[in-house]
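What follows is a set of notes on a single structure, which appears directly below.
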Amino acid sequence: MCLAVPGRVTEIGERDGARMAVMDFGGVVKDVCLEYLPDLGVGEYAIVHVGFALQRLDEESARRTLALFEELGLLQEEFGDPWEAAADGPPVGPAVGPAGADGMIEEGGER
């Protein structure tokens, strides 16, 4: 799932000709493009989707939303470590490969 998550600008700079920010999403820090909000400043909040700040947001709304996302486990889902998730095991879903869609392999590995 991809969420639009509120974050707070902690640093602003330029990278490869684009205005960029370091943003804090409730303890998770990510680089974000500010090209859609060129006047956003350090300390301000914005809604971010797929690495782009899209809309300015007031601090109270941002904090409430981050608290709700944290409570629902959505921040971990959105920003969790993909290597850690991979170590936890394969995703649940239809089997692919020698097993059929029902996930069953007949004795001897043949269908």
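Letters A, B, ... mark the chains of the structure tokens in the order given; residue numbers begin at 1 per chain; ligand numbers begin at 1, in order shown.
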
Please provide as a tab-separated table (two decimals) with all heavy atoms, in the first residue's frame all residues within 8 Å of Glu35 in chain A, with the sequence filter that same-chain residues fewer than 5 positions apart are discarded (counting only C-alpha atoms).
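Written out: around_11.tsv:
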chain	number	residue	atom	x	y	z
A	18	ALA	N	17.06	19.87	-8.39
A	18	ALA	CA	15.72	19.80	-7.77
A	18	ALA	C	15.81	20.23	-6.31
A	18	ALA	O	16.77	19.91	-5.61
A	18	ALA	CB	15.15	18.39	-7.86
A	19	ARG	N	14.80	20.96	-5.84
A	19	ARG	CA	14.72	21.36	-4.44
A	19	ARG	C	14.30	20.14	-3.63
A	19	ARG	O	13.26	19.54	-3.90
A	19	ARG	CB	13.72	22.49	-4.27
A	19	ARG	CG	13.73	23.12	-2.90
A	19	ARG	CD	13.04	24.48	-2.94
A	19	ARG	NE	13.21	25.18	-1.69
A	19	ARG	CZ	12.31	25.17	-0.71
A	19	ARG	NH1	11.17	24.53	-0.86
A	19	ARG	NH2	12.55	25.82	0.41
A	20	MET	N	15.12	19.76	-2.66
A	20	MET	CA	14.89	18.55	-1.88
A	20	MET	C	14.87	18.88	-0.39
A	20	MET	O	15.44	19.88	0.03
A	20	MET	CB	16.00	17.52	-2.14
A	20	MET	CG	16.11	17.06	-3.58
A	20	MET	SD	14.73	16.04	-4.11
A	20	MET	CE	15.00	14.56	-3.15
A	52	PHE	N	7.25	12.79	-3.01
A	52	PHE	CA	6.97	14.17	-3.38
A	52	PHE	C	6.07	14.83	-2.34
A	52	PHE	O	5.02	14.29	-2.00
A	52	PHE	CB	6.26	14.25	-4.75
A	52	PHE	CG	7.15	13.89	-5.90
A	52	PHE	CD1	7.28	12.57	-6.29
A	52	PHE	CD2	7.85	14.87	-6.58
A	52	PHE	CE1	8.10	12.22	-7.35
A	52	PHE	CE2	8.68	14.53	-7.64
A	52	PHE	CZ	8.80	13.21	-8.03
A	53	ALA	N	6.47	16.00	-1.85
A	53	ALA	CA	5.62	16.79	-0.97
A	53	ALA	C	4.52	17.39	-1.83
A	53	ALA	O	4.80	18.07	-2.81
A	53	ALA	CB	6.43	17.88	-0.28

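Within the 7 Å cut-off around range 48-51 of chain A, using only C-alpha atoms and omitting residues fewer than 3 positions from it on the same chain, the listed residues are Leu3, Ala4, Val5, Pro6, Gly7, Val32, Cys33 and Leu54 of chain A.
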
Export of the given selection (N, CA and C atoms) as a PDB file, in the first residue's frame:
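Below is the file part07.pdb, written as the result:
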ATOM      1  N   LEU A   3       0.795   5.150   0.985  1.00  0.00           N
ATOM      2  CA  LEU A   3       0.032   6.169   1.689  1.00  0.00           C
ATOM      3  C   LEU A   3       0.584   7.553   1.398  1.00  0.00           C
ATOM      4  N   ALA A   4      -0.236   8.543   1.577  1.00  0.00           N
ATOM      5  CA  ALA A   4       0.231   9.924   1.634  1.00  0.00           C
ATOM      6  C   ALA A   4       0.436  10.199   3.117  1.00  0.00           C
ATOM      7  N   VAL A   5       1.678  10.417   3.521  1.00  0.00           N
ATOM      8  CA  VAL A   5       2.042  10.493   4.930  1.00  0.00           C
ATOM      9  C   VAL A   5       2.517  11.902   5.267  1.00  0.00           C
ATOM     10  N   PRO A   6       2.057  12.457   6.397  1.00  0.00           N
ATOM     11  CA  PRO A   6       2.541  13.776   6.794  1.00  0.00           C
ATOM     12  C   PRO A   6       3.946  13.685   7.369  1.00  0.00           C
ATOM     13  N   GLY A   7       4.776  14.663   7.013  1.00  0.00           N
ATOM     14  CA  GLY A   7       6.132  14.714   7.533  1.00  0.00           C
ATOM     15  C   GLY A   7       6.538  16.149   7.801  1.00  0.00           C
ATOM     16  N   VAL A  32      12.855  13.915   0.322  1.00  0.00           N
ATOM     17  CA  VAL A  32      11.596  14.221  -0.356  1.00  0.00           C
ATOM     18  C   VAL A  32      11.823  15.367  -1.344  1.00  0.00           C
ATOM     19  N   CYS A  33      11.213  15.278  -2.497  1.00  0.00           N
ATOM     20  CA  CYS A  33      11.275  16.340  -3.494  1.00  0.00           C
ATOM     21  C   CYS A  33      10.258  17.434  -3.152  1.00  0.00           C
ATOM     22  N   LEU A  54       3.264  17.113  -1.469  1.00  0.00           N
ATOM     23  CA  LEU A  54       2.146  17.513  -2.318  1.00  0.00           C
ATOM     24  C   LEU A  54       1.286  18.632  -1.755  1.00  0.00           C
TER      25      LEU A  54
END

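Proximity to Val22 in chain A at 10 Å, evaluated using only C-alpha atoms and with sequence-adjacent residues fewer than 4 positions away removed, yields Gly7, Arg8, Val9, Thr10, Glu11, Ile12, Gly13, Val29, Lys30, Asp31, Val32, Cys33, Leu34 and Val42 of chain A.
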
Range 19-73 of chain A: residues DSSP assigns to helix (DSSP H, G or I), reported as a ChimeraX atom specification
/A:59-72

With only C-alpha atoms as the counted atoms, please give the residues lying no more than 9 Å from Ala62 in chain A, apart from itself and same-chain residues fewer than 2 positions off, as a ChimeraX atom specification.
/A:5-8,45-47,57-60,64-67

Using only all heavy atoms, please write the residues we just selected to a file, as a compact mmCIF listing (two decimals), in the first residue's frame.
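Okay, again-v4.txt is ready:
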# COMPACT_ATOMS: atom_id res chain seq x y z
N VAL A 5 1.68 10.42 3.52
CA VAL A 5 2.04 10.49 4.93
C VAL A 5 2.52 11.90 5.27
O VAL A 5 3.31 12.48 4.53
CB VAL A 5 3.17 9.48 5.23
CG1 VAL A 5 3.55 9.52 6.70
CG2 VAL A 5 2.74 8.07 4.84
N PRO A 6 2.06 12.46 6.40
CA PRO A 6 2.54 13.78 6.79
C PRO A 6 3.95 13.69 7.37
O PRO A 6 4.27 12.75 8.10
CB PRO A 6 1.54 14.22 7.86
CG PRO A 6 0.93 12.98 8.37
CD PRO A 6 1.00 11.97 7.27
N GLY A 7 4.78 14.66 7.01
CA GLY A 7 6.13 14.71 7.53
C GLY A 7 6.54 16.15 7.80
O GLY A 7 5.92 17.09 7.30
N ARG A 8 7.59 16.31 8.62
CA ARG A 8 8.10 17.64 8.97
C ARG A 8 9.46 17.85 8.32
O ARG A 8 10.34 16.99 8.39
CB ARG A 8 8.24 17.77 10.49
CG ARG A 8 8.62 19.17 10.94
CD ARG A 8 8.64 19.30 12.45
NE ARG A 8 9.74 18.57 13.04
CZ ARG A 8 10.99 19.04 13.15
NH1 ARG A 8 11.28 20.25 12.71
NH2 ARG A 8 11.92 18.32 13.71
N TYR A 45 5.12 21.31 7.85
CA TYR A 45 4.63 19.95 7.58
C TYR A 45 4.00 19.90 6.19
O TYR A 45 3.43 20.88 5.72
CB TYR A 45 3.58 19.53 8.61
CG TYR A 45 4.15 19.28 9.97
CD1 TYR A 45 4.43 20.32 10.84
CD2 TYR A 45 4.43 17.97 10.39
CE1 TYR A 45 4.96 20.08 12.10
CE2 TYR A 45 4.96 17.72 11.63
CZ TYR A 45 5.23 18.77 12.48
OH TYR A 45 5.76 18.53 13.73
N ALA A 46 4.07 18.73 5.58
CA ALA A 46 3.44 18.51 4.28
C ALA A 46 3.04 17.04 4.16
O ALA A 46 3.62 16.17 4.81
CB ALA A 46 4.39 18.88 3.14
N ILE A 47 2.05 16.82 3.33
CA ILE A 47 1.65 15.46 2.96
C ILE A 47 2.60 15.01 1.86
O ILE A 47 2.80 15.73 0.88
CB ILE A 47 0.20 15.45 2.42
CG1 ILE A 47 -0.77 15.92 3.47
CG2 ILE A 47 -0.15 14.08 1.88
CD1 ILE A 47 -1.28 14.90 4.40
N LEU A 57 0.53 21.17 5.39
CA LEU A 57 -0.38 20.67 6.43
C LEU A 57 -0.04 21.35 7.74
O LEU A 57 1.14 21.59 8.03
CB LEU A 57 -0.19 19.15 6.55
CG LEU A 57 -1.13 18.36 7.42
CD1 LEU A 57 -2.55 18.40 6.85
CD2 LEU A 57 -0.66 16.92 7.50
N ASP A 58 -1.05 21.66 8.56
CA ASP A 58 -0.78 22.26 9.86
C ASP A 58 -0.24 21.19 10.82
O ASP A 58 -0.47 20.00 10.65
CB ASP A 58 -2.03 22.94 10.43
CG ASP A 58 -3.12 21.94 10.75
OD1 ASP A 58 -3.89 21.58 9.83
OD2 ASP A 58 -3.18 21.49 11.91
N GLU A 59 0.51 21.65 11.81
CA GLU A 59 1.19 20.74 12.73
C GLU A 59 0.24 19.82 13.48
O GLU A 59 0.50 18.62 13.62
CB GLU A 59 2.04 21.54 13.73
CG GLU A 59 2.83 20.66 14.67
CD GLU A 59 3.74 21.45 15.59
OE1 GLU A 59 3.83 22.69 15.47
OE2 GLU A 59 4.39 20.80 16.43
N GLU A 60 -0.87 20.34 13.96
CA GLU A 60 -1.83 19.52 14.72
C GLU A 60 -2.38 18.38 13.88
O GLU A 60 -2.45 17.23 14.32
CB GLU A 60 -2.96 20.39 15.27
CG GLU A 60 -4.02 19.62 16.03
CD GLU A 60 -3.49 18.88 17.26
OE1 GLU A 60 -2.49 19.32 17.84
OE2 GLU A 60 -4.09 17.85 17.62
N ARG A 64 -1.73 14.34 14.62
CA ARG A 64 -2.86 13.42 14.81
C ARG A 64 -2.80 12.28 13.80
O ARG A 64 -3.02 11.12 14.15
CB ARG A 64 -4.19 14.17 14.67
CG ARG A 64 -4.64 14.87 15.91
CD ARG A 64 -6.12 15.25 15.86
NE ARG A 64 -6.61 15.67 14.56
CZ ARG A 64 -6.78 16.93 14.18
NH1 ARG A 64 -6.51 17.91 15.00
NH2 ARG A 64 -7.23 17.20 12.98
N THR A 65 -2.51 12.62 12.55
CA THR A 65 -2.45 11.60 11.50
C THR A 65 -1.30 10.63 11.75
O THR A 65 -1.48 9.41 11.63
CB THR A 65 -2.31 12.25 10.11
OG1 THR A 65 -3.41 13.14 9.92
CG2 THR A 65 -2.30 11.22 9.01
N LEU A 66 -0.12 11.15 12.10
CA LEU A 66 1.01 10.27 12.39
C LEU A 66 0.71 9.34 13.57
O LEU A 66 1.07 8.16 13.54
CB LEU A 66 2.27 11.09 12.66
CG LEU A 66 2.94 11.68 11.43
CD1 LEU A 66 4.02 12.67 11.84
CD2 LEU A 66 3.52 10.59 10.55
N ALA A 67 0.06 9.87 14.60
CA ALA A 67 -0.29 9.04 15.76
C ALA A 67 -1.26 7.93 15.36
O ALA A 67 -1.11 6.78 15.78
CB ALA A 67 -0.89 9.90 16.87
